[in-house]
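Colleague: File target.cif follows (mmCIF, C-alpha atoms):
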```cif
data_my_file
loop_
_atom_site.label_atom_id
_atom_site.label_comp_id
_atom_site.auth_asym_id
_atom_site.auth_seq_id
_atom_site.Cartn_x
_atom_site.Cartn_y
_atom_site.Cartn_z
CA MET A 22 103.28 107.66 117.79
CA ASN A 23 102.25 104.22 116.53
CA LEU A 24 102.52 104.29 112.74
CA GLN A 25 101.09 100.86 111.98
CA ALA A 26 97.74 99.82 110.53
CA VAL A 27 96.00 96.87 108.89
CA VAL A 28 93.83 97.21 105.78
CA HIS A 29 91.70 94.13 105.05
CA VAL A 30 90.93 92.93 101.54
CA ASN A 31 87.65 91.06 101.94
CA LEU A 32 87.27 88.40 99.23
CA GLY A 33 85.70 85.50 101.08
CA VAL A 34 88.10 82.56 101.26
CA ARG A 35 90.73 84.66 99.41
CA SER A 36 90.68 87.48 101.98
CA TYR A 37 93.97 88.75 103.39
CA PRO A 38 95.44 91.53 105.55
CA VAL A 39 97.68 94.33 104.32
CA ASN A 40 99.96 95.30 107.20
CA ILE A 41 101.32 98.82 106.71
CA GLY A 42 103.70 100.90 108.79
CA TYR A 43 107.10 101.47 110.31
CA GLY A 44 108.45 98.35 112.02
CA VAL A 45 105.89 95.85 110.66
CA LEU A 46 108.62 93.58 109.25
CA SER A 47 109.26 92.34 112.80
CA ARG A 48 105.80 90.68 112.73
CA LEU A 49 106.54 88.48 109.71
CA GLY A 50 107.34 85.27 111.57
CA LEU A 51 104.20 85.55 113.68
CA LEU A 52 102.02 86.31 110.65
CA MET A 53 103.49 83.40 108.67
CA ARG A 54 102.29 81.05 111.39
CA THR A 55 98.69 82.06 110.63
CA ILE A 56 99.04 80.57 107.12
CA GLU A 57 98.98 76.82 106.56
CA ASN A 58 102.42 76.07 105.12
CA ASP A 59 105.24 73.52 105.09
CA GLN A 60 107.93 75.91 106.42
CA LYS A 61 109.67 76.09 103.01
CA VAL A 62 110.24 79.59 101.64
CA LEU A 63 111.66 80.89 98.38
CA ILE A 64 112.50 84.59 98.54
CA VAL A 65 112.27 86.23 95.12
CA THR A 66 114.13 89.53 95.15
CA GLU A 67 116.75 91.60 93.31
CA LYS A 68 120.33 92.46 94.29
CA ASN A 69 119.86 96.05 95.40
CA VAL A 70 117.03 95.11 97.75
CA GLY A 71 118.91 92.03 98.92
CA ASN A 72 122.04 94.01 99.74
CA LEU A 73 120.05 96.47 101.81
CA TYR A 74 117.47 94.35 103.58
CA LEU A 75 117.80 90.60 103.05
CA GLU A 76 119.51 89.99 106.39
CA GLN A 77 116.64 91.71 108.20
CA LEU A 78 114.15 89.52 106.37
CA LEU A 79 116.09 86.31 107.09
CA GLU A 80 116.20 87.24 110.78
CA GLN A 81 112.39 86.97 110.82
CA LEU A 82 112.48 83.55 109.10
CA ARG A 83 114.83 81.70 111.44
CA ASP A 84 112.38 78.81 111.86
CA PHE A 85 111.87 78.28 108.11
CA GLU A 86 113.83 76.53 105.36
CA VAL A 87 114.76 79.48 103.17
CA GLU A 88 116.26 79.80 99.71
CA THR A 89 116.73 82.96 97.65
CA ILE A 90 116.64 83.71 93.94
CA TYR A 91 117.67 87.04 92.39
CA LEU A 92 116.01 88.80 89.47
CA PRO A 93 117.41 91.72 87.47
CA PRO A 94 116.10 95.16 88.45
CA GLY A 95 113.14 96.76 86.73
CA GLU A 96 111.15 95.65 83.73
CA ASP A 97 113.77 93.10 82.60
CA ALA A 98 112.60 90.78 85.40
CA LYS A 99 109.12 90.42 83.92
CA SER A 100 109.77 87.59 81.48
CA VAL A 101 108.90 83.92 81.14
CA SER A 102 112.60 83.04 81.28
CA PHE A 103 112.88 84.30 84.86
CA VAL A 104 109.63 82.61 85.89
CA ASP A 105 111.13 79.40 84.50
CA LYS A 106 114.17 79.86 86.78
CA ILE A 107 111.85 80.24 89.78
CA TRP A 108 109.90 77.09 88.83
CA LYS A 109 113.14 75.11 88.48
CA LYS A 110 114.46 76.36 91.82
CA MET A 111 111.23 75.33 93.53
CA TYR A 112 111.16 71.92 91.85
CA GLU A 113 114.80 71.22 92.73
CA SER A 114 114.10 72.25 96.33
CA LYS A 115 111.15 69.84 96.49
CA MET A 116 108.67 72.59 97.24
CA GLY A 117 105.00 71.66 97.25
CA ARG A 118 101.50 73.11 97.33
CA TYR A 119 101.96 74.46 100.86
CA SER A 120 105.33 76.08 100.22
CA ASN A 121 105.78 79.85 100.18
CA ILE A 122 107.05 82.42 97.73
CA ILE A 123 107.94 85.77 99.27
CA ALA A 124 108.05 88.48 96.63
CA PHE A 125 110.51 90.91 98.23
CA GLY A 126 110.97 93.98 96.06
CA GLY A 127 109.17 96.44 93.84
CA GLY A 128 106.42 95.96 91.30
CA SER A 129 108.45 93.90 88.84
CA VAL A 130 109.52 91.42 91.53
CA GLY A 131 105.90 91.20 92.66
CA ASP A 132 104.70 90.53 89.12
CA THR A 133 107.24 87.80 88.41
CA GLY A 134 107.08 86.20 91.84
CA GLY A 135 103.29 86.34 91.81
CA PHE A 136 103.07 84.76 88.36
CA ALA A 137 105.36 81.93 89.47
CA ALA A 138 103.37 81.41 92.68
CA SER A 139 100.09 81.26 90.77
CA THR A 140 101.30 78.61 88.32
CA TYR A 141 103.65 76.31 90.25
CA MET A 142 101.60 73.24 91.26
CA ARG A 143 98.46 75.29 90.43
CA GLY A 144 99.25 77.75 93.19
CA VAL A 145 101.41 78.07 96.31
CA ASN A 146 101.32 80.57 99.15
CA LEU A 147 102.27 84.08 98.02
CA ILE A 148 103.47 86.66 100.53
CA ASN A 149 104.08 90.14 99.16
CA ILE A 150 106.66 92.27 100.96
CA PRO A 151 106.93 95.34 98.74
CA THR A 152 109.92 97.66 99.07
CA ASP A 153 108.96 100.77 97.11
CA LEU A 154 106.16 103.31 97.21
CA LEU A 155 104.49 102.20 93.98
CA ALA A 156 104.16 98.65 95.29
CA PHE A 157 103.04 99.79 98.76
CA VAL A 158 100.04 101.68 97.41
CA ASP A 159 99.17 99.70 94.31
CA SER A 160 100.82 96.64 92.79
CA SER A 161 101.20 94.50 95.95
CA ILE A 162 97.43 94.58 96.54
CA GLY A 163 94.78 93.00 94.33
CA GLY A 164 96.35 89.90 92.82
CA LYS A 165 97.31 91.11 89.33
CA ASN A 166 100.53 89.57 88.01
CA GLY A 167 101.86 90.55 84.59
CA LEU A 168 104.77 89.60 82.34
CA ASP A 169 105.98 91.47 79.26
CA PHE A 170 105.95 89.61 75.95
CA GLU A 171 107.13 90.44 72.42
CA GLY A 172 107.75 94.06 73.41
CA GLY A 173 104.28 94.52 74.92
CA LYS A 174 103.75 95.34 78.61
CA ASN A 175 101.81 92.87 80.82
CA ILE A 176 100.67 90.75 77.86
CA LEU A 177 100.83 87.56 79.97
CA GLY A 178 99.34 87.43 83.43
CA THR A 179 97.17 85.91 86.11
CA PHE A 180 94.87 86.98 88.91
CA TYR A 181 96.20 85.41 92.10
CA GLN A 182 95.69 86.93 95.53
CA PRO A 183 98.49 86.87 98.11
CA ARG A 184 97.93 85.33 101.51
CA LEU A 185 99.52 88.30 103.20
CA VAL A 186 100.95 91.74 102.35
CA LEU A 187 103.48 93.35 104.64
CA SER A 188 104.47 96.93 103.74
CA GLU A 189 107.49 98.06 105.76
CA LEU A 190 107.54 101.81 105.18
CA LYS A 191 111.07 102.31 106.51
CA PHE A 192 112.23 101.04 103.10
CA ILE A 193 111.08 104.37 101.61
CA ALA A 194 114.08 106.14 103.18
CA THR A 195 116.55 104.37 100.87
CA LEU A 196 114.57 104.62 97.62
CA PRO A 197 116.37 106.42 94.78
CA GLU A 198 114.56 109.64 93.92
CA VAL A 199 113.41 108.35 90.52
CA GLN A 200 111.71 105.35 92.16
CA TYR A 201 110.17 107.50 94.85
CA LYS A 202 108.68 109.84 92.25
CA SER A 203 107.32 106.85 90.31
CA GLY A 204 105.41 105.84 93.42
CA LEU A 205 104.12 109.37 93.92
CA ALA A 206 102.50 109.19 90.48
CA GLU A 207 100.38 106.30 91.76
CA VAL A 208 99.47 108.18 94.93
CA ILE A 209 98.39 111.17 92.83
CA LYS A 210 96.26 108.82 90.73
CA TYR A 211 94.18 107.78 93.75
CA GLY A 212 93.54 111.40 94.61
CA ILE A 213 92.36 112.15 91.09
CA ILE A 214 90.09 109.18 90.47
CA TYR A 215 88.64 108.33 93.87
CA GLU A 216 89.48 110.38 96.94
CA LYS A 217 89.90 114.13 96.56
CA GLY A 218 91.13 114.30 100.17
CA ILE A 219 94.33 112.53 99.05
CA PHE A 220 94.71 115.08 96.23
CA LYS A 221 94.26 117.99 98.67
CA LYS A 222 96.80 116.54 101.09
CA LEU A 223 99.32 116.22 98.26
CA GLU A 224 98.69 119.87 97.36
CA ASP A 225 98.93 121.12 100.95
CA GLU A 226 101.93 119.09 102.11
CA ILE A 227 104.28 119.12 99.11
CA GLU A 228 107.41 119.77 101.18
CA LYS A 229 106.57 117.07 103.74
CA VAL A 230 105.99 114.56 100.95
CA LYS A 231 109.22 115.53 99.19
CA LEU A 232 111.14 115.17 102.46
CA ARG A 233 109.53 111.73 103.01
CA ASP A 234 107.96 112.71 106.33
CA GLU A 235 106.97 109.48 108.07
CA GLY A 236 103.59 110.56 109.39
CA THR A 237 102.53 112.03 106.06
CA LEU A 238 103.61 108.98 104.07
CA PHE A 239 101.99 106.60 106.53
CA GLU A 240 98.64 108.35 106.16
CA LEU A 241 98.88 108.47 102.37
CA CYS A 242 99.87 104.80 102.08
CA VAL A 243 97.02 103.64 104.34
CA ARG A 244 94.45 105.77 102.50
CA CYS A 245 95.61 104.57 99.08
CA ALA A 246 95.68 100.93 100.19
CA ALA A 247 92.14 101.28 101.56
CA VAL A 248 90.92 102.65 98.21
CA LYS A 249 92.65 99.84 96.32
CA ALA A 250 91.15 97.22 98.65
CA LYS A 251 87.66 98.66 98.25
CA ILE A 252 87.89 98.63 94.44
CA VAL A 253 89.28 95.08 94.35
CA GLU A 254 86.46 93.89 96.60
CA ILE A 255 83.92 95.33 94.15
CA ASP A 256 85.60 94.05 90.99
CA GLU A 257 88.33 91.48 91.67
CA TYR A 258 88.74 90.36 88.06
CA ASP A 259 88.79 93.78 86.40
CA PHE A 260 85.54 93.85 84.44
CA SER A 261 84.13 97.20 85.61
CA GLU A 262 85.06 99.38 88.61
CA ARG A 263 88.68 98.25 88.64
CA HIS A 264 89.16 99.78 85.20
CA LEU A 265 89.36 103.14 87.01
CA LEU A 266 92.74 102.11 88.40
CA ASN A 267 94.06 102.19 84.83
CA PHE A 268 93.81 105.99 84.84
CA GLY A 269 97.07 107.23 83.35
CA HIS A 270 98.14 103.65 82.68
CA THR A 271 96.29 103.03 79.42
CA ILE A 272 98.29 105.69 77.59
CA GLY A 273 101.18 105.37 80.06
CA HIS A 274 101.84 101.72 79.22
CA ALA A 275 101.87 102.60 75.51
CA ILE A 276 104.43 105.33 76.20
CA GLU A 277 106.58 102.95 78.24
CA ALA A 278 106.56 100.32 75.50
CA GLU A 279 107.16 102.80 72.67
CA SER A 280 110.13 104.31 74.56
CA GLY A 281 111.68 100.85 74.95
CA PHE A 282 111.05 101.30 78.69
CA SER A 283 113.51 104.20 78.88
CA VAL A 284 110.61 106.21 80.33
CA THR A 285 109.97 104.95 83.86
CA HIS A 286 106.58 103.61 84.88
CA GLY A 287 105.85 106.60 87.10
CA GLU A 288 106.89 109.11 84.45
CA ALA A 289 104.72 107.35 81.86
CA VAL A 290 101.72 107.27 84.21
CA ALA A 291 102.17 110.97 84.99
CA ILE A 292 102.15 111.81 81.27
CA GLY A 293 99.21 109.46 80.74
CA MET A 294 97.18 111.16 83.48
CA CYS A 295 97.75 114.55 81.86
CA LEU A 296 96.87 113.33 78.37
CA GLU A 297 93.77 111.50 79.58
CA SER A 298 92.69 114.62 81.48
CA ARG A 299 93.06 116.67 78.30
CA ILE A 300 90.88 114.12 76.48
CA ALA A 301 88.21 114.63 79.14
CA VAL A 302 88.39 118.41 78.65
CA LYS A 303 88.01 118.08 74.87
CA MET A 304 85.00 115.82 75.39
CA GLY A 305 83.37 118.31 77.75
CA LEU A 306 83.61 115.94 80.74
CA LEU A 307 86.17 117.89 82.78
CA LYS A 308 86.60 121.61 83.35
CA GLU A 309 89.87 122.97 81.99
CA LYS A 310 90.76 124.55 85.34
CA GLU A 311 90.57 121.09 86.94
CA SER A 312 92.85 119.67 84.26
CA LYS A 313 95.33 122.49 84.89
CA ARG A 314 95.15 121.78 88.63
CA ILE A 315 96.04 118.14 87.95
CA GLU A 316 98.99 119.16 85.77
CA ARG A 317 100.24 121.65 88.39
CA LEU A 318 100.25 118.97 91.08
CA ILE A 319 102.11 116.53 88.84
CA GLU A 320 104.67 119.21 87.93
CA SER A 321 105.11 120.14 91.60
CA TYR A 322 106.53 116.66 92.21
CA SER A 323 108.95 117.02 89.26
CA LEU A 324 107.07 114.53 87.11
CA PRO A 325 106.64 115.06 83.33
CA THR A 326 103.35 116.14 81.76
CA THR A 327 104.14 115.67 78.04
CA THR A 328 105.99 113.29 75.72
CA LYS A 329 108.08 113.87 72.61
CA LEU A 330 107.28 110.38 71.29
CA PRO A 331 105.33 110.36 67.98
CA ILE A 332 101.68 110.24 68.97
CA ASP A 333 100.76 107.97 66.05
CA ARG A 334 103.25 105.37 67.35
CA VAL A 335 101.84 105.66 70.87
CA LEU A 336 98.31 105.19 69.53
CA LYS A 337 99.42 102.11 67.58
CA ARG A 338 100.68 100.66 70.87
CA LEU A 339 97.34 101.50 72.47
CA CYS A 340 95.54 99.42 69.87
CA GLU A 341 97.72 96.42 70.83
CA ASP A 342 96.63 96.77 74.47
CA LYS A 343 94.56 94.03 76.13
CA LYS A 344 91.91 96.69 76.83
CA PHE A 345 91.36 97.07 73.05
CA TYR A 346 88.20 95.12 72.19
CA LYS A 347 85.95 95.14 69.14
CA GLY A 348 87.73 98.15 67.69
CA LEU A 349 87.42 100.18 70.90
CA ILE A 350 89.89 101.06 73.64
CA SER A 351 88.64 101.47 77.21
CA ILE A 352 90.08 104.59 78.86
CA PRO A 353 89.36 106.02 82.34
CA VAL A 354 88.80 109.79 82.31
CA VAL A 355 88.19 112.32 85.08
CA LYS A 356 84.88 114.11 85.52
CA SER A 357 86.09 116.08 88.53
CA ILE A 358 88.91 115.61 91.02
CA GLY A 359 87.91 112.58 93.05
CA GLN A 360 85.51 111.21 90.42
CA ALA A 361 86.25 109.28 87.23
CA THR A 362 84.43 107.23 84.64
CA ILE A 363 85.22 104.85 81.75
CA ILE A 364 84.81 105.76 78.08
CA ASN A 365 85.31 103.65 74.96
CA LEU A 366 86.95 105.23 71.92
CA ASP A 367 87.98 103.95 68.50
CA GLU A 368 91.32 104.76 66.87
CA ARG A 369 89.91 107.65 64.80
CA ASP A 370 88.35 109.25 67.88
CA LEU A 371 91.66 109.00 69.71
CA MET A 372 93.61 110.57 66.85
CA ARG A 373 91.09 113.40 66.61
CA LEU A 374 91.26 114.08 70.34
CA PHE A 375 95.06 114.21 70.21
CA GLU A 376 95.18 116.73 67.34
#
```
Turn this file's structure into structure tokens for me.
Modeller:
Amino acid sequence: MNLQAVVHVNLGVRSYPVNIGYGVLSRLGLLMRTIENDQKVLIVTEKNVGNLYLEQLLEQLRDFEVETIYLPPGEDAKSVSFVDKIWKKMYESKMGRYSNIIAFGGGSVGDTGGFAASTYMRGVNLINIPTDLLAFVDSSIGGKNGLDFEGGKNILGTFYQPRLVLSELKFIATLPEVQYKSGLAEVIKYGIIYEKGIFKKLEDEIEKVKLRDEGTLFELCVRCAAVKAKIVEIDEYDFSERHLLNFGHTIGHAIEAESGFSVTHGEAVAIGMCLESRIAVKMGLLKEKESKRIERLIESYSLPTTTKLPIDRVLKRLCEDKKFYKGLISIPVVKSIGQATIINLDERDLMRLFE
């Protein structure tokens, strides 16, 4: 069975393909030749990924001048200091406008590598090769790059589309369980906000998903990537439709920051989805049985549904979010499984809804 597909993100001159499947890494050299470039490559990665897969990546880049820079794992990588190291490495290597950054890792590597690519010489070629489920279905597609600043998540950032995304799904087999579950939170999100067929598949095939069945994961990754591409095509710069992708993230990011990032991204998003669903129930937008169905699915994948963090501290973090504007915070909420909308609430409304 051929488990490979291409999802196209159609943005005019900024369009690009998302190659998804098992064995797609072997196409990298061929795909790189479709991009105008000077044969210079800087791989931005982290040690765990490098130890597992860097040799396989280098094998596909035999005809290129390649250098590698390592970032720390997780959220620590998303800082200006590490972007500065990437800039210096590129400058010392005499890289120019047609040079390439390959962001080879999870979401944090993609954020930091993407930010560097968007700013060095006003933009160089960016190739995203994600290595975890969260990045396959979400962060590698759409051009958002964010850095943390002064304790806040994604305070600095750019919109900068990659030239190519290559999602090698065989990397899923080696993901630690906590990272795998973080990615599943994002997959669940797509089923809740946009495509109820994804939600139903996650309900019906729990054991296959937990066992990382290749056919099941391939279908889910392609369907999620197609939804992400469609939303980005409608609203590339996040002024309207793309806000829906923040479902679970608005509160989730506040939980992450308030916990000092001891709560993982996926755990925080899972909690955020449950809390935002409860808000929708209290506002009469969502039936309680639908909210309970969402919570049951999240629990079935061993993800949390509540937080012990003080809610007033979480709400204070919310009000520091970039989505807080003119005294209102923009929050996606579910109307029914597969359909969501955006509401704007002030701090008093939020506190009342959390009572």
Colleague: When distances are computed from all atoms listed in the file, which of A:Thr133, A:Tyr119, A:Val101, A:Ala194 shows the smallest separation from Leu73 of chain A?
Modeller: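 Ranking A:Thr133, A:Tyr119, A:Val101, A:Ala194 by distance to Leu73 of chain A, first place goes to A:Ala194.
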Colleague: Between A:Lys191, A:Lys202, A:Arg317, A:His264, which one has atoms that come closest to Phe220 of chain A, using all atoms listed in the file?
Modeller: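 Once distances to Phe220 of chain A are computed over all atoms listed in the file, the minimum belongs to A:Arg317.
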Colleague: Considering all atoms listed in the file, tabulate each residue of segment 281-329 of chain A that lies at most 8 Å from segment 355-376 of chain A along with its nearest interatomic pair and the corresponding distance in Å to one decimal; arrange the rows by chain and ascending residue number and present them as CSV.
Modeller:
```
residue,atom,partner,partner_atom,distance
A:Glu297,CA,A:Val355,CA,7.9
A:Ser298,CA,A:Val355,CA,6.2
A:Ile300,CA,A:Leu374,CA,6.2
A:Ala301,CA,A:Val355,CA,6.4
A:Lys303,CA,A:Leu374,CA,6.9
A:Leu306,CA,A:Lys356,CA,5.3
A:Leu307,CA,A:Lys356,CA,4.8
A:Lys308,CA,A:Ser357,CA,7.6
A:Glu311,CA,A:Ser357,CA,6.9
```
Colleague: Just want the 8 Å neighbourhood of Val243 of chain A, counted on only C-alpha atoms, with same-chain residues fewer than 6 positions away dropped. Output as a list of chain:residue names.
Modeller: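 Listing them by chain and then by number gives A:Ala26, A:Val28, A:Ile41, A:Val158.
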Colleague: Got a sec: who's within 6 Å of segment 323-338 of chain A, counting only C-alpha atoms, leaving out chain neighbours fewer than 5 positions off, as a ChimeraX atom specification?
Modeller: /A:275-276,292,295
Colleague: Can you spit out the residues from that selection as a PDB file, in the coordinates of the input, using C-alpha atoms?
Modeller:
```pdb
ATOM      1  CA  ALA A 275     101.870 102.600  75.510  1.00  0.00           C
ATOM      2  CA  ILE A 276     104.430 105.330  76.200  1.00  0.00           C
ATOM      3  CA  ILE A 292     102.150 111.810  81.270  1.00  0.00           C
ATOM      4  CA  CYS A 295      97.750 114.550  81.860  1.00  0.00           C
TER       5      CYS A 295
END
```
Colleague: Residues near segment 122-128 of chain A, anyone? I mean within 6 Å using only C-alpha atoms, not counting same-chain ones fewer than 4 positions away, as a PDB file with C-alpha atoms, in the coordinates of the input.
Modeller:
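Contents of part-v4.pdb, freshly written:
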```
ATOM      1  CA  VAL A  62     110.240  79.590 101.640  1.00  0.00           C
ATOM      2  CA  LEU A  63     111.660  80.890  98.380  1.00  0.00           C
ATOM      3  CA  ILE A  64     112.500  84.590  98.540  1.00  0.00           C
ATOM      4  CA  VAL A  65     112.270  86.230  95.120  1.00  0.00           C
ATOM      5  CA  THR A  66     114.130  89.530  95.150  1.00  0.00           C
ATOM      6  CA  GLY A 134     107.080  86.200  91.840  1.00  0.00           C
ATOM      7  CA  LEU A 147     102.270  84.080  98.020  1.00  0.00           C
ATOM      8  CA  ILE A 148     103.470  86.660 100.530  1.00  0.00           C
ATOM      9  CA  ASN A 149     104.080  90.140  99.160  1.00  0.00           C
ATOM     10  CA  ILE A 150     106.660  92.270 100.960  1.00  0.00           C
ATOM     11  CA  PRO A 151     106.930  95.340  98.740  1.00  0.00           C
ATOM     12  CA  THR A 152     109.920  97.660  99.070  1.00  0.00           C
ATOM     13  CA  ASP A 153     108.960 100.770  97.110  1.00  0.00           C
ATOM     14  CA  ALA A 156     104.160  98.650  95.290  1.00  0.00           C
ATOM     15  CA  SER A 160     100.820  96.640  92.790  1.00  0.00           C
TER      16      SER A 160
END
```
Colleague: Residues near Ser139 of chain A, anyone? I mean within 9 Å using all atoms listed in the file, not counting same-chain ones fewer than 3 positions away, as a ChimeraX atom specification.
Modeller: /A:134-136,142-147,166,179-182
